[in-house]
Amino acid sequence: MKNIGGRVTSLDVAALAGVSQSAVSRAFTPGSSISPAKRELILAAARKLNYVPNSIASSLTTRRTNMVAVILGNLDNPFYVLVLKSLIEALQARGTQILTFTVPNGGSSDNALMRVLRYQVDGIILTSAQLSTRMTSMCHDRGIPVVLFNRYIPGSDASGVRCDNAGGGRLMAEALLLAGARSFAVLKGDPKGTTSQDRLQGFAERLLEEGIPRSRILELEGQSVYDGAHAATLQAFRDEKKPIPDAIFGINDTMAMGAMDALRGHMGVTIPQDVMFGGFDNIDEADRWPYRLTTISQPAREMVDETLKLLDLDNPGAEIEPGIDIKVPGKLIWRDTIPRQA
């Protein structure tokens, strides 16, 4: 029965419920094989004894901590806040907890990974751009899978799940071309990030295929953030330094919004009559007035589900397959910043 002056253990619960200690463990493990009646019997005994499972003690037995680390690189982009929420919901539903770490925008994840490894996590999800091959190998040697979210690192053994960013860029180019645009500006993000590069590449390639000269595709450094895009737009077009193009594509929605506010607030530009706008990500703000931004929607929940499949948390000790690259198509969301053609 209950240890006087000590912590209640699973043995105490097993004795009161008249079951084995392993049955107690299964009762507190989501998805485990145990009948509803026996689970309720054990939970009732646990409530009577005020028993709470000790995850640290369990990890010593199973060599699993039921913890996954998520390394975030750009919390200025609301899309990754949505991703974090989806990851928390999906992992907690299976009894797994999240440890979060951040790195500076555009910075290396290696230092964060060294901090992660102190916690003996069961897997690592990385949304920041830079990761050395050495660190990936160090994690894999310890049996810890590393999955890249919405990016890939050429030459890395880390597997990843990403939106088809190049395909999304092409979709946006086609929408703007269909609406009659013939001159363009692109607000770019992290120059080291494959996400930004792929979106720009897909967008530009589709325009070039249509016969748009490269000289009519102006590239601006938006730094992946609202303020950076706002400043870059004013610097480029204020005082008539350059003619405002027919259309502006923000590599993410946040930059598109920064540019929209710069042109409307400081230059009296009307959207989409004077200039059309496209974004990427489909964050919640994109659907709100005064933006109503036409954008590419990333299937965040589907990408999260594919990421968890790659982690394969239910099969500890399974061989880690290197270099898997899963691309999920995005979807064009029509709103008010590009006129819809009849």
# chains A, B, ... in the order shown; residues from 1 in each chain; ligands from 1
>>> closest_atom_pairs(of="region 187-302 of chain A", to="region 63-77 of chain A", cutoff="9 Å", atoms="only C-alpha atoms", output="JSON lines")
{"residue": "A:Ser224", "atom": "CA", "partner": "A:Asn77", "partner_atom": "CA", "distance": 7.7}
{"residue": "A:Val225", "atom": "CA", "partner": "A:Asp76", "partner_atom": "CA", "distance": 6.5}
{"residue": "A:Tyr226", "atom": "CA", "partner": "A:Asp76", "partner_atom": "CA", "distance": 8.5}
{"residue": "A:Asn252", "atom": "CA", "partner": "A:Asn77", "partner_atom": "CA", "distance": 8.1}
{"residue": "A:Asp253", "atom": "CA", "partner": "A:Asn77", "partner_atom": "CA", "distance": 8.5}
{"residue": "A:Thr254", "atom": "CA", "partner": "A:Asn77", "partner_atom": "CA", "distance": 6.7}
{"residue": "A:Ile283", "atom": "CA", "partner": "A:Asn77", "partner_atom": "CA", "distance": 8.8}
>>> residues_around(residues="Gly143 (chain A)", least_positions_apart="4", cutoff="12 Å", atoms="only C-alpha atoms", output="PyMOL selection string")
chain A and resi 63-64+117+120-124+136-139+311-313+315-321
>>> atom_distance(atom1="CA of Ile42 (chain A)", atom2="CA of Arg7 (chain A)")
17.3 Å
>>> residues_around(residues="region 16-29 of chain A", least_positions_apart="2", cutoff="10 Å", atoms="only C-alpha atoms", output="count of residues only")
30
>>> closest_residue(among="A:Pro322, A:Gly155, A:Pro339, A:Gly160", to="Thr307 (chain A)", atoms="only C-alpha atoms")
A:Gly160
>>> select_by_dssp(residues="region 34-264 of chain A", states="helix (DSSP H, G or I)", output="PyMOL selection string")
chain A and resi 36-49+55-62+78-93+110-119+133-141+165-178+194-209+214-216+226-240+253-264
>>> closest_residue(among="A:Arg142, A:Arg301, A:Lys188, A:Arg170", to="Glu89 (chain A)", atoms="only C-alpha atoms")
A:Arg301
>>> closest_residue(among="A:Met260, A:Val103, A:Leu91, A:Ile326", to="Asp314 (chain A)", atoms="only C-alpha atoms")
A:Leu91
>>> residues_around(residues="Ile217 (chain A)", least_positions_apart="4", cutoff="9 Å", atoms="only C-alpha atoms", output="VMD selection string")
chain A and resid 183 to 186 204 207 212 to 213 245
